[in-house]
$ cat entry22.cif   # mmCIF, C-alpha atoms and all ligand atoms
data_entry
#
loop_
_atom_site.label_atom_id
_atom_site.label_comp_id
_atom_site.auth_asym_id
_atom_site.auth_seq_id
_atom_site.Cartn_x
_atom_site.Cartn_y
_atom_site.Cartn_z
CA MET C 1 6.36 -17.11 -16.01
CA LYS C 2 9.87 -15.66 -16.05
CA THR C 3 11.86 -14.42 -13.08
CA GLU C 4 14.39 -11.67 -13.65
CA THR C 5 16.81 -10.39 -11.02
CA SER C 6 18.71 -7.82 -13.08
CA ILE C 7 17.53 -4.61 -14.75
CA GLN C 8 19.18 -5.71 -18.00
CA GLY C 9 17.48 -9.10 -17.90
CA LEU C 10 14.12 -7.48 -17.29
CA SER C 11 14.62 -5.10 -20.22
CA ALA C 12 15.55 -8.00 -22.48
CA SER C 13 12.38 -9.82 -21.42
CA LEU C 14 10.18 -6.76 -21.95
CA ASN C 15 11.67 -5.40 -25.18
CA PRO C 16 9.69 -7.65 -27.55
CA ALA C 17 6.44 -6.63 -25.78
CA ARG C 18 7.44 -2.96 -25.99
CA SER C 19 8.25 -3.25 -29.71
CA ALA C 20 4.89 -4.92 -30.32
CA ARG C 21 3.19 -2.04 -28.41
CA LYS C 22 1.71 -4.46 -25.91
CA ILE C 23 0.03 -2.99 -22.83
CA ILE C 24 2.29 -3.51 -19.82
CA GLY C 25 0.81 -3.64 -16.31
CA PHE C 26 2.99 -3.35 -13.21
CA ILE C 27 2.47 -4.17 -9.54
CA PRO C 28 5.22 -3.20 -7.11
CA THR C 29 5.28 -5.34 -3.93
CA MET C 30 7.58 -6.28 -1.09
CA GLY C 31 6.61 -9.95 -1.43
CA ASN C 32 5.20 -12.37 1.12
CA LEU C 33 2.18 -12.28 -1.10
CA HIS C 34 -1.44 -12.78 -0.05
CA GLU C 35 -4.85 -12.42 -1.69
CA GLY C 36 -4.59 -8.60 -1.54
CA HIS C 37 -1.53 -8.67 -3.79
CA LEU C 38 -3.04 -11.39 -5.99
CA ASN C 39 -6.15 -9.24 -6.54
CA LEU C 40 -3.91 -6.53 -7.93
CA VAL C 41 -2.49 -9.07 -10.38
CA ARG C 42 -6.01 -10.19 -11.34
CA GLU C 43 -7.00 -6.56 -12.02
CA ALA C 44 -3.86 -6.08 -14.12
CA ARG C 45 -4.61 -9.27 -16.04
CA LYS C 46 -7.97 -7.81 -17.10
CA LEU C 47 -6.45 -4.64 -18.61
CA CYS C 48 -2.96 -5.59 -19.74
CA ASP C 49 -1.20 -7.90 -22.20
CA VAL C 50 1.89 -8.36 -20.04
CA VAL C 51 1.83 -8.31 -16.23
CA VAL C 52 5.03 -7.59 -14.29
CA VAL C 53 5.22 -7.93 -10.48
CA SER C 54 8.25 -6.68 -8.59
CA ILE C 55 9.28 -8.17 -5.27
CA PHE C 56 11.70 -5.90 -3.49
CA VAL C 57 11.96 -5.08 0.20
CA ASN C 58 13.03 -1.48 -0.17
CA PRO C 59 15.50 -0.55 2.58
CA ILE C 60 15.12 3.21 2.20
CA GLN C 61 11.43 3.24 3.15
CA PHE C 62 12.07 1.62 6.55
CA GLY C 63 12.97 3.69 9.61
CA PRO C 64 15.99 2.72 11.77
CA ASN C 65 13.80 0.92 14.34
CA GLU C 66 11.45 -0.70 11.86
CA ASP C 67 11.27 -4.27 10.59
CA PHE C 68 13.47 -4.22 7.46
CA ASP C 69 15.74 -7.07 8.65
CA ASN C 70 12.84 -9.25 9.79
CA TYR C 71 10.45 -8.48 6.93
CA PRO C 72 9.29 -11.89 5.59
CA ARG C 73 11.08 -12.92 2.39
CA THR C 74 9.32 -15.85 0.69
CA LEU C 75 10.28 -15.64 -2.99
CA GLU C 76 9.71 -19.29 -3.83
CA GLN C 77 6.19 -19.40 -2.39
CA ASP C 78 5.41 -15.99 -3.95
CA SER C 79 6.51 -17.25 -7.38
CA HIS C 80 4.10 -20.20 -7.20
CA LEU C 81 1.19 -17.92 -6.29
CA LEU C 82 2.06 -15.45 -9.05
CA ALA C 83 2.29 -18.18 -11.69
CA GLU C 84 -1.19 -19.38 -10.66
CA VAL C 85 -2.80 -15.96 -11.14
CA GLY C 86 -1.20 -15.35 -14.52
CA CYS C 87 1.74 -13.04 -13.81
CA ASP C 88 4.13 -13.02 -16.78
CA ILE C 89 7.33 -11.66 -15.26
CA VAL C 90 8.56 -11.44 -11.66
CA PHE C 91 11.24 -8.83 -11.11
CA ALA C 92 13.12 -9.64 -7.91
CA PRO C 93 16.25 -7.47 -7.78
CA SER C 94 18.79 -7.39 -4.95
CA VAL C 95 19.39 -4.22 -2.93
CA GLU C 96 22.76 -4.07 -4.75
CA GLN C 97 20.98 -4.17 -8.13
CA MET C 98 18.63 -1.32 -7.15
CA TYR C 99 20.98 0.92 -5.18
CA GLY C 100 24.53 -0.46 -5.41
CA HIS C 101 25.97 0.99 -8.59
CA HIS C 102 26.67 4.55 -7.54
CA PRO C 103 25.80 6.82 -4.63
CA ARG C 104 22.27 8.20 -4.99
CA LEU C 105 22.04 11.98 -4.59
CA THR C 106 18.45 12.45 -5.74
CA ASN C 107 15.58 12.41 -3.30
CA ILE C 108 11.89 12.75 -4.08
CA ARG C 109 9.60 14.51 -1.64
CA VAL C 110 5.93 14.72 -2.40
CA GLY C 111 4.87 17.70 -0.29
CA GLU C 112 1.93 18.28 2.02
CA ILE C 113 0.08 14.95 1.78
CA THR C 114 3.17 13.19 3.16
CA ASN C 115 3.23 15.49 6.22
CA ASP C 116 0.22 13.73 7.68
CA LEU C 117 -0.98 10.32 8.98
CA CYS C 118 1.76 7.70 8.38
CA GLY C 119 4.11 10.43 7.10
CA LEU C 120 4.16 11.98 10.59
CA GLN C 121 4.72 8.63 12.30
CA ARG C 122 7.32 7.38 9.82
CA PRO C 123 9.60 10.29 8.81
CA GLY C 124 11.17 9.74 5.37
CA HIS C 125 8.97 6.72 4.64
CA PHE C 126 7.13 8.26 1.67
CA ASP C 127 10.37 9.74 0.27
CA GLY C 128 11.73 6.19 0.18
CA VAL C 129 8.53 4.94 -1.45
CA ALA C 130 8.59 7.76 -4.04
CA VAL C 131 12.22 7.00 -4.96
CA VAL C 132 11.77 3.26 -5.33
CA VAL C 133 8.50 3.55 -7.24
CA THR C 134 10.04 6.11 -9.62
CA LYS C 135 13.05 3.85 -10.18
CA LEU C 136 10.79 0.84 -10.77
CA PHE C 137 8.54 2.84 -13.12
CA ASN C 138 11.60 3.87 -15.14
CA ILE C 139 12.90 0.30 -15.21
CA VAL C 140 9.59 -1.36 -16.14
CA GLN C 141 8.01 1.53 -18.14
CA PRO C 142 4.48 0.24 -17.64
CA ASN C 143 1.29 1.65 -19.14
CA TYR C 144 -0.67 0.87 -15.97
CA ALA C 145 0.41 0.50 -12.35
CA PHE C 146 -1.77 -1.07 -9.66
CA PHE C 147 -1.75 -0.15 -5.97
CA GLY C 148 -3.97 -1.22 -3.07
CA GLN C 149 -6.35 1.12 -1.27
CA LYS C 150 -5.13 -0.58 1.90
CA ASP C 151 -2.23 1.89 1.73
CA TYR C 152 -4.55 4.78 0.87
CA GLN C 153 -2.03 7.52 1.59
CA GLN C 154 0.64 5.74 -0.46
CA LEU C 155 -1.78 5.48 -3.39
CA ALA C 156 -2.48 9.24 -3.11
CA VAL C 157 1.25 9.99 -2.99
CA ILE C 158 1.92 7.90 -6.12
CA LYS C 159 -0.97 9.52 -8.01
CA GLN C 160 0.38 12.96 -7.07
CA LEU C 161 3.94 12.00 -8.10
CA VAL C 162 2.78 10.69 -11.48
CA ARG C 163 0.71 13.81 -12.14
CA ASP C 164 3.36 16.27 -10.94
CA LEU C 165 6.17 14.71 -12.98
CA ASN C 166 4.10 13.85 -16.09
CA MET C 167 4.88 10.18 -15.85
CA PRO C 168 3.04 8.47 -18.74
CA ILE C 169 1.44 5.87 -16.48
CA GLU C 170 -2.14 5.33 -15.37
CA VAL C 171 -2.33 4.52 -11.66
CA ILE C 172 -5.20 2.26 -10.62
CA GLY C 173 -6.37 1.81 -7.02
CA VAL C 174 -7.73 -1.60 -6.02
CA PRO C 175 -10.09 -2.16 -3.02
CA ILE C 176 -8.83 -3.64 0.25
CA ALA C 177 -8.83 -7.44 0.50
CA ARG C 178 -9.87 -8.64 3.96
CA ALA C 179 -9.89 -11.87 5.94
CA GLU C 180 -13.34 -13.28 6.73
CA ASP C 181 -13.34 -11.54 10.11
CA GLY C 182 -12.61 -8.20 8.45
CA LEU C 183 -8.89 -7.84 9.18
CA ALA C 184 -7.20 -6.15 6.21
CA LEU C 185 -4.73 -8.64 4.72
CA SER C 186 -1.12 -7.63 5.27
CA SER C 187 2.26 -9.30 5.19
CA ARG C 188 2.71 -7.95 8.73
CA ASN C 189 -0.28 -10.01 10.00
CA GLY C 190 2.17 -12.93 10.09
CA TYR C 191 3.91 -11.25 13.05
CA LEU C 192 0.73 -11.52 15.19
CA SER C 193 0.55 -14.07 18.01
CA ALA C 194 -2.62 -16.21 18.08
CA GLU C 195 -3.99 -13.99 20.84
CA HIS C 196 -3.26 -10.76 18.99
CA ARG C 197 -4.67 -12.19 15.76
CA GLN C 198 -8.01 -12.64 17.62
CA ILE C 199 -7.97 -8.99 18.69
CA ALA C 200 -6.80 -7.53 15.35
CA PRO C 201 -10.27 -7.47 13.66
CA VAL C 202 -11.40 -4.90 16.25
CA ILE C 203 -9.88 -2.29 13.92
CA TYR C 204 -12.32 -3.09 11.12
CA GLN C 205 -15.21 -3.64 13.54
CA SER C 206 -14.66 -0.19 15.05
CA LEU C 207 -14.51 1.38 11.58
CA LYS C 208 -17.78 -0.32 10.54
CA GLN C 209 -19.41 0.77 13.81
CA ALA C 210 -18.23 4.32 13.09
CA GLU C 211 -19.82 4.17 9.64
CA GLN C 212 -23.16 3.15 11.19
CA ASP C 213 -22.90 5.87 13.84
CA LEU C 214 -22.10 8.55 11.26
CA HIS C 215 -25.03 7.52 9.11
CA ALA C 216 -27.20 7.66 12.25
CA GLY C 217 -26.16 11.28 12.75
CA LYS C 218 -23.43 11.05 15.42
CA ALA C 219 -20.80 13.81 15.29
CA LEU C 220 -17.57 12.91 13.51
CA LEU C 221 -15.27 13.94 16.37
CA ASP C 222 -17.26 11.78 18.82
CA VAL C 223 -17.08 8.86 16.44
CA LEU C 224 -13.27 9.20 16.22
CA THR C 225 -13.08 9.25 20.02
CA GLU C 226 -15.20 6.07 20.15
CA ILE C 227 -12.83 4.28 17.76
CA ARG C 228 -9.82 5.29 19.89
CA MET C 229 -11.58 4.02 23.02
CA GLN C 230 -12.55 0.69 21.46
CA LEU C 231 -9.02 0.11 20.21
CA THR C 232 -7.40 1.04 23.52
CA GLN C 233 -9.83 -1.17 25.44
CA ALA C 234 -9.01 -4.09 23.13
CA GLY C 235 -5.29 -3.68 23.93
CA PHE C 236 -4.01 -1.56 21.04
CA VAL C 237 -1.66 1.36 21.36
CA VAL C 238 -3.18 3.87 18.95
CA ASP C 239 -0.85 5.77 16.60
CA TYR C 240 -3.69 7.74 15.03
CA VAL C 241 -7.41 7.70 14.31
CA GLU C 242 -8.26 10.42 11.81
CA ALA C 243 -10.82 11.51 9.24
CA ARG C 244 -9.83 13.05 5.92
CA THR C 245 -11.59 13.87 2.68
CA PRO C 246 -10.88 11.45 -0.20
CA MET C 247 -8.20 13.96 -1.34
CA LEU C 248 -6.67 13.82 2.17
CA GLN C 249 -7.80 17.25 3.33
CA LYS C 250 -8.65 17.65 7.03
CA SER C 251 -12.30 17.31 7.90
CA ASP C 252 -14.00 17.63 11.28
CA GLN C 253 -17.57 17.22 10.04
CA PHE C 254 -19.30 14.51 8.10
CA ASP C 255 -20.68 16.83 5.40
CA GLN C 256 -19.12 15.06 2.40
CA ASP C 257 -17.59 11.64 1.64
CA ILE C 258 -14.81 10.94 4.11
CA VAL C 259 -12.16 8.33 4.77
CA LEU C 260 -11.45 7.11 8.29
CA PHE C 261 -7.84 6.12 8.96
CA VAL C 262 -6.44 3.96 11.74
CA ALA C 263 -2.86 3.05 12.61
CA ALA C 264 -2.43 1.07 15.82
CA LYS C 265 0.03 -1.29 17.43
CA ILE C 266 -0.82 -4.60 18.98
CA GLY C 267 2.25 -5.98 20.69
CA ASN C 268 5.09 -5.00 18.35
CA THR C 269 2.99 -5.14 15.19
CA ARG C 270 1.77 -1.92 13.63
CA LEU C 271 -1.44 -2.36 11.64
CA ILE C 272 -3.14 0.18 9.37
CA ASP C 273 -6.61 0.24 7.88
CA ASN C 274 -9.07 2.69 6.40
CA LEU C 275 -12.72 2.87 5.43
CA GLN C 276 -14.27 5.13 2.82
CA ILE C 277 -17.64 6.42 3.98
CA LYS C 278 -20.22 7.86 1.61
CA HIS C 279 -22.11 10.96 2.61
CA ILE C 280 -25.75 10.12 2.00
CA LEU C 281 -28.14 13.06 1.71
P1 LIG C 301 3.37 -4.35 0.01
O1 LIG C 301 3.91 -5.66 -0.43
O2 LIG C 301 2.84 -4.35 1.41
O3 LIG C 301 4.29 -3.20 -0.29
O4 LIG C 301 2.09 -4.09 -0.90
C1 LIG C 301 2.18 -4.09 -2.29
C2 LIG C 301 0.88 -3.57 -2.85
O5 LIG C 301 -0.18 -4.42 -2.44
C3 LIG C 301 0.54 -2.17 -2.37
O6 LIG C 301 -0.03 -1.44 -3.45
C4 LIG C 301 -0.48 -2.43 -1.29
O7 LIG C 301 -1.38 -1.37 -1.10
C5 LIG C 301 -1.20 -3.64 -1.87
N1 LIG C 301 -1.88 -4.37 -0.79
C6 LIG C 301 -1.34 -4.90 0.33
N2 LIG C 301 -2.29 -5.43 1.12
C7 LIG C 301 -3.47 -5.23 0.48
C8 LIG C 301 -4.83 -5.55 0.78
N3 LIG C 301 -5.18 -6.18 1.90
N4 LIG C 301 -5.77 -5.20 -0.12
C9 LIG C 301 -5.44 -4.53 -1.26
N5 LIG C 301 -4.18 -4.21 -1.59
C10 LIG C 301 -3.21 -4.55 -0.75
#
$ encode --input "entry22.cif" --output "structure tokens"
Amino acid sequence: MKTETSIQGLSASLNPARSARKIIGFIPTMGNLHEGHLNLVREARKLCDVVVVSIFVNPIQFGPNEDFDNYPRTLEQDSHLLAEVGCDIVFAPSVEQMYGHHPRLTNIRVGEITNDLCGLQRPGHFDGVAVVVTKLFNIVQPNYAFFGQKDYQQLAVIKQLVRDLNMPIEVIGVPIARAEDGLALSSRNGYLSAEHRQIAPVIYQSLKQAEQDLHAGKALLDVLTEIRMQLTQAGFVVDYVEARTPMLQKSDQFDQDIVLFVAAKIGNTRLIDNLQIKHIL
């Protein structure tokens, strides 16, 4: 496995594969890798000849009071894990390498679907994601790009961006990897105290309970209220509990497949999760 820190170095590493028309798979990450990230690499390995993983904590997707400075940076450990799952190239640029060369005047705003859920709570977040992913796509020029369903809204934003701008890339969504107790794996789980880590699985438990209740005929709005209550009782401060269609349209009835979304804080740690629920006739 090679590690490249410059755009030029990465191009030099990828050019032979490009000339040989090899299939290039790409997984953008912010590092501090866990099984969720590694599953994306495993999926890429199945479809692609060359697998590239980027590790870059992107400053422009963090709000002023968010955790950019404290975000865990564990490149050495990440590199070992990536080598084990068959990554070919790690691209780990500096902020200077990505943004330092000239002032950036271009912004990318994916409309409508970013004015909802995490987009409302984190103004500018998805613009920052859209810019960095576009830059990385142009640098890596992959055939396939892999994103986790854990960040369901982000995956929808990237799919929309790729479609709207005719980017010649196939975007693949990969299911959420969870700990045994159901907590969705996240680099931010490392911020949790032992006590909060015990409480954190309540998010998934409340989503699974909601699924059962919906299938038993309970009204969607009541089910959302139940989730909020369970989370608040467990000690969370709820950012949102919402239901959307798989295409992120609003939905106040369970008359088609829906996705339930939760964002909630425990202590200073903001956790997100979602559950796709099939409408069974
Ligand atoms: P991040 O490093 O948090 O930016 O995540 C990089 C990629 O890994 C994104 O596409 C995430 O959606 C994905 N990812 C993170 N956690 C999980 C998880 N628990 N299951 C599946 N994908 C995940």
$ atom_distance --input "entry22.cif" --atom1 "atom CA of Val174 of chain C" --atom2 "atom C7 of ligand LIG 301 (chain C)"
8.6 Å
$ residues_around --input "entry22.cif" --residues "Ile280 of chain C" --least-positions-apart "3" --cutoff "12 Å" --atoms "only C-alpha atoms" --output "list in words"
Glu211, Gln212, Leu214, His215, Ala216, Gly217, Phe254, Asp255, Gln256, Asp257, Ile258 and Ile277 of chain C
$ closest_residue --input "entry22.cif" --among "C:Met30, C:Val140, C:Val51, C:Cys87" --to "ligand LIG 301 (chain C)" --atoms "all atoms listed in the file"
C:Met30
$ residues_near_ligand --input "entry22.cif" --ligand "ligand LIG 301 (chain C)" --cutoff "8 Å" --atoms "all atoms listed in the file" --output "PyMOL selection string"
chain C and resi 27-37+39-40+55+57+146-152+154-155+173-178+184-187
$ write_last_selection --input "entry22.cif" --atoms "C-alpha atoms" --output "mmCIF file, in the coordinates of the input"
data_model
loop_
_atom_site.group_PDB
_atom_site.id
_atom_site.type_symbol
_atom_site.label_atom_id
_atom_site.label_comp_id
_atom_site.auth_asym_id
_atom_site.auth_seq_id
_atom_site.Cartn_x
_atom_site.Cartn_y
_atom_site.Cartn_z
ATOM 1 C CA ILE C 27 2.470 -4.170 -9.540
ATOM 2 C CA PRO C 28 5.220 -3.200 -7.110
ATOM 3 C CA THR C 29 5.280 -5.340 -3.930
ATOM 4 C CA MET C 30 7.580 -6.280 -1.090
ATOM 5 C CA GLY C 31 6.610 -9.950 -1.430
ATOM 6 C CA ASN C 32 5.200 -12.370 1.120
ATOM 7 C CA LEU C 33 2.180 -12.280 -1.100
ATOM 8 C CA HIS C 34 -1.440 -12.780 -0.050
ATOM 9 C CA GLU C 35 -4.850 -12.420 -1.690
ATOM 10 C CA GLY C 36 -4.590 -8.600 -1.540
ATOM 11 C CA HIS C 37 -1.530 -8.670 -3.790
ATOM 12 C CA ASN C 39 -6.150 -9.240 -6.540
ATOM 13 C CA LEU C 40 -3.910 -6.530 -7.930
ATOM 14 C CA ILE C 55 9.280 -8.170 -5.270
ATOM 15 C CA VAL C 57 11.960 -5.080 0.200
ATOM 16 C CA PHE C 146 -1.770 -1.070 -9.660
ATOM 17 C CA PHE C 147 -1.750 -0.150 -5.970
ATOM 18 C CA GLY C 148 -3.970 -1.220 -3.070
ATOM 19 C CA GLN C 149 -6.350 1.120 -1.270
ATOM 20 C CA LYS C 150 -5.130 -0.580 1.900
ATOM 21 C CA ASP C 151 -2.230 1.890 1.730
ATOM 22 C CA TYR C 152 -4.550 4.780 0.870
ATOM 23 C CA GLN C 154 0.640 5.740 -0.460
ATOM 24 C CA LEU C 155 -1.780 5.480 -3.390
ATOM 25 C CA GLY C 173 -6.370 1.810 -7.020
ATOM 26 C CA VAL C 174 -7.730 -1.600 -6.020
ATOM 27 C CA PRO C 175 -10.090 -2.160 -3.020
ATOM 28 C CA ILE C 176 -8.830 -3.640 0.250
ATOM 29 C CA ALA C 177 -8.830 -7.440 0.500
ATOM 30 C CA ARG C 178 -9.870 -8.640 3.960
ATOM 31 C CA ALA C 184 -7.200 -6.150 6.210
ATOM 32 C CA LEU C 185 -4.730 -8.640 4.720
ATOM 33 C CA SER C 186 -1.120 -7.630 5.270
ATOM 34 C CA SER C 187 2.260 -9.300 5.190
#
$ atom_distance --input "entry22.cif" --atom1 "atom CA of Ala130 of chain C" --atom2 "atom CA of Ala200 of chain C"
29.1 Å
$ atom_distance --input "entry22.cif" --atom1 "atom CA of Arg188 of chain C" --atom2 "atom CA of Thr245 of chain C"
26.8 Å
$ residues_around --input "entry22.cif" --residues "Ala156 of chain C" --least-positions-apart "3" --cutoff "9 Å" --atoms "all atoms listed in the file" --output "PyMOL selection string"
chain C and resi 113+151-153+159-161+247-248
$ write_last_selection --input "entry22.cif" --atoms "C-alpha atoms" --output "tab-separated table (two decimals), in the coordinates of the input"
chain	number	residue	atom	x	y	z
C	113	ILE	CA	0.08	14.95	1.78
C	151	ASP	CA	-2.23	1.89	1.73
C	152	TYR	CA	-4.55	4.78	0.87
C	153	GLN	CA	-2.03	7.52	1.59
C	159	LYS	CA	-0.97	9.52	-8.01
C	160	GLN	CA	0.38	12.96	-7.07
C	161	LEU	CA	3.94	12.00	-8.10
C	247	MET	CA	-8.20	13.96	-1.34
C	248	LEU	CA	-6.67	13.82	2.17
$ closest_residue --input "entry22.cif" --among "C:Arg244, C:Arg270, C:Lys135, C:Lys218" --to "Tyr191 of chain C" --atoms "all atoms listed in the file"
C:Arg270
$ closest_residue --input "entry22.cif" --among "C:Arg109, C:Phe261, C:Gly267, C:Tyr99" --to "Ile199 of chain C" --atoms "all atoms listed in the file"
C:Gly267
$ residues_around --input "entry22.cif" --residues "Gln230 of chain C" --least-positions-apart "5" --cutoff "9 Å" --atoms "all atoms listed in the file" --output "tab-separated table (two decimals) with C-alpha atoms, keeping the file's coordinate frame"
chain	number	residue	atom	x	y	z
C	202	VAL	CA	-11.40	-4.90	16.25
C	203	ILE	CA	-9.88	-2.29	13.92
C	206	SER	CA	-14.66	-0.19	15.05
C	225	THR	CA	-13.08	9.25	20.02
C	235	GLY	CA	-5.29	-3.68	23.93
C	236	PHE	CA	-4.01	-1.56	21.04
$ residues_around --input "entry22.cif" --residues "Ala83 of chain C" --least-positions-apart "3" --cutoff "12 Å" --atoms "only C-alpha atoms" --output "PyMOL selection string"
chain C and resi 1-3+38+41-42+51-53+76-80+86-90
$ write_last_selection --input "entry22.cif" --atoms "C-alpha atoms" --output "PDB file, keeping the file's coordinate frame"
ATOM      1  CA  MET C   1       6.360 -17.110 -16.010  1.00  0.00           C
ATOM      2  CA  LYS C   2       9.870 -15.660 -16.050  1.00  0.00           C
ATOM      3  CA  THR C   3      11.860 -14.420 -13.080  1.00  0.00           C
ATOM      4  CA  LEU C  38      -3.040 -11.390  -5.990  1.00  0.00           C
ATOM      5  CA  VAL C  41      -2.490  -9.070 -10.380  1.00  0.00           C
ATOM      6  CA  ARG C  42      -6.010 -10.190 -11.340  1.00  0.00           C
ATOM      7  CA  VAL C  51       1.830  -8.310 -16.230  1.00  0.00           C
ATOM      8  CA  VAL C  52       5.030  -7.590 -14.290  1.00  0.00           C
ATOM      9  CA  VAL C  53       5.220  -7.930 -10.480  1.00  0.00           C
ATOM     10  CA  GLU C  76       9.710 -19.290  -3.830  1.00  0.00           C
ATOM     11  CA  GLN C  77       6.190 -19.400  -2.390  1.00  0.00           C
ATOM     12  CA  ASP C  78       5.410 -15.990  -3.950  1.00  0.00           C
ATOM     13  CA  SER C  79       6.510 -17.250  -7.380  1.00  0.00           C
ATOM     14  CA  HIS C  80       4.100 -20.200  -7.200  1.00  0.00           C
ATOM     15  CA  GLY C  86      -1.200 -15.350 -14.520  1.00  0.00           C
ATOM     16  CA  CYS C  87       1.740 -13.040 -13.810  1.00  0.00           C
ATOM     17  CA  ASP C  88       4.130 -13.020 -16.780  1.00  0.00           C
ATOM     18  CA  ILE C  89       7.330 -11.660 -15.260  1.00  0.00           C
ATOM     19  CA  VAL C  90       8.560 -11.440 -11.660  1.00  0.00           C
TER      20      VAL C  90
END
$ residues_near_point --input "entry22.cif" --point "(16.7, 12.3, -5.7)" --cutoff "10 Å" --atoms "all atoms listed in the file" --output "PyMOL selection string"
chain C and resi 104-109+127-128+130-131+134
$ residues_near_point --input "entry22.cif" --point "(16.1, -3.5, 0.1)" --cutoff "12 Å" --atoms "all atoms listed in the file" --output "list of chain:residue names"
C:Thr29, C:Met30, C:Gly31, C:Ile55, C:Phe56, C:Val57, C:Asn58, C:Pro59, C:Ile60, C:Gln61, C:Phe62, C:Asp67, C:Phe68, C:Asp69, C:Asn70, C:Tyr71, C:Arg73, C:Ala92, C:Pro93, C:Ser94, C:Val95, C:Glu96, C:Gln97, C:Met98, C:Tyr99, C:Gly100, C:Gly128, C:Val129, C:Val132
$ closest_residue --input "entry22.cif" --among "C:Leu275, C:Gln249, C:Val237, C:Val162" --to "Gln205 of chain C" --atoms "all atoms listed in the file"
C:Leu275
$ residues_around --input "entry22.cif" --residues "Glu242 of chain C" --least-positions-apart "3" --cutoff "9 Å" --atoms "all atoms listed in the file" --output "PyMOL selection string"
chain C and resi 117+224+250-251+259-262
$ closest_residue --input "entry22.cif" --among "C:Gly190, C:Pro246, C:Ser19, C:Gly9" --to "Lys278 of chain C" --atoms "all atoms listed in the file"
C:Pro246
$ build_atoms --input "entry22.cif" --residues "segment 265-281 of chain C" --atoms "N, CA and C atoms" --output "PDB file, keeping the file's coordinate frame"
ATOM      1  N   LYS C 265      -0.882  -0.176  17.158  1.00  0.00           N
ATOM      2  CA  LYS C 265       0.030  -1.290  17.430  1.00  0.00           C
ATOM      3  C   LYS C 265      -0.614  -2.276  18.365  1.00  0.00           C
ATOM      4  N   ILE C 266      -0.438  -3.561  18.032  1.00  0.00           N
ATOM      5  CA  ILE C 266      -0.820  -4.600  18.980  1.00  0.00           C
ATOM      6  C   ILE C 266       0.446  -5.410  19.216  1.00  0.00           C
ATOM      7  N   GLY C 267       0.899  -5.446  20.457  1.00  0.00           N
ATOM      8  CA  GLY C 267       2.250  -5.980  20.690  1.00  0.00           C
ATOM      9  C   GLY C 267       3.232  -5.129  19.909  1.00  0.00           C
ATOM     10  N   ASN C 268       4.119  -5.778  19.139  1.00  0.00           N
ATOM     11  CA  ASN C 268       5.090  -5.000  18.350  1.00  0.00           C
ATOM     12  C   ASN C 268       4.642  -4.768  16.920  1.00  0.00           C
ATOM     13  N   THR C 269       3.431  -5.199  16.595  1.00  0.00           N
ATOM     14  CA  THR C 269       2.990  -5.140  15.190  1.00  0.00           C
ATOM     15  C   THR C 269       2.122  -3.922  14.956  1.00  0.00           C
ATOM     16  N   ARG C 270       2.544  -3.121  13.970  1.00  0.00           N
ATOM     17  CA  ARG C 270       1.770  -1.920  13.630  1.00  0.00           C
ATOM     18  C   ARG C 270       0.849  -2.255  12.461  1.00  0.00           C
ATOM     19  N   LEU C 271      -0.450  -2.068  12.679  1.00  0.00           N
ATOM     20  CA  LEU C 271      -1.440  -2.360  11.640  1.00  0.00           C
ATOM     21  C   LEU C 271      -2.077  -1.052  11.172  1.00  0.00           C
ATOM     22  N   ILE C 272      -2.389  -0.982   9.862  1.00  0.00           N
ATOM     23  CA  ILE C 272      -3.140   0.180   9.370  1.00  0.00           C
ATOM     24  C   ILE C 272      -4.377  -0.302   8.628  1.00  0.00           C
ATOM     25  N   ASP C 273      -5.381   0.565   8.610  1.00  0.00           N
ATOM     26  CA  ASP C 273      -6.610   0.240   7.880  1.00  0.00           C
ATOM     27  C   ASP C 273      -7.308   1.562   7.566  1.00  0.00           C
ATOM     28  N   ASN C 274      -8.262   1.506   6.677  1.00  0.00           N
ATOM     29  CA  ASN C 274      -9.070   2.690   6.400  1.00  0.00           C
ATOM     30  C   ASN C 274     -10.415   2.254   5.849  1.00  0.00           C
ATOM     31  N   LEU C 275     -11.377   3.153   5.964  1.00  0.00           N
ATOM     32  CA  LEU C 275     -12.720   2.870   5.430  1.00  0.00           C
ATOM     33  C   LEU C 275     -13.260   4.135   4.783  1.00  0.00           C
ATOM     34  N   GLN C 276     -13.673   3.999   3.532  1.00  0.00           N
ATOM     35  CA  GLN C 276     -14.270   5.130   2.820  1.00  0.00           C
ATOM     36  C   GLN C 276     -15.751   5.160   3.152  1.00  0.00           C
ATOM     37  N   ILE C 277     -16.248   6.313   3.556  1.00  0.00           N
ATOM     38  CA  ILE C 277     -17.640   6.420   3.980  1.00  0.00           C
ATOM     39  C   ILE C 277     -18.370   7.453   3.128  1.00  0.00           C
ATOM     40  N   LYS C 278     -19.430   6.994   2.505  1.00  0.00           N
ATOM     41  CA  LYS C 278     -20.220   7.860   1.610  1.00  0.00           C
ATOM     42  C   LYS C 278     -21.088   8.788   2.434  1.00  0.00           C
ATOM     43  N   HIS C 279     -21.166  10.024   1.998  1.00  0.00           N
ATOM     44  CA  HIS C 279     -22.110  10.960   2.610  1.00  0.00           C
ATOM     45  C   HIS C 279     -23.443  10.801   1.891  1.00  0.00           C
ATOM     46  N   ILE C 280     -24.444  10.334   2.626  1.00  0.00           N
ATOM     47  CA  ILE C 280     -25.750  10.120   2.000  1.00  0.00           C
ATOM     48  C   ILE C 280     -26.667  11.250   2.379  1.00  0.00           C
ATOM     49  N   LEU C 281     -27.251  11.905   1.390  1.00  0.00           N
ATOM     50  CA  LEU C 281     -28.140  13.060   1.710  1.00  0.00           C
ATOM     51  C   LEU C 281     -29.522  12.573   2.117  1.00  0.00           C
TER      52      LEU C 281
END
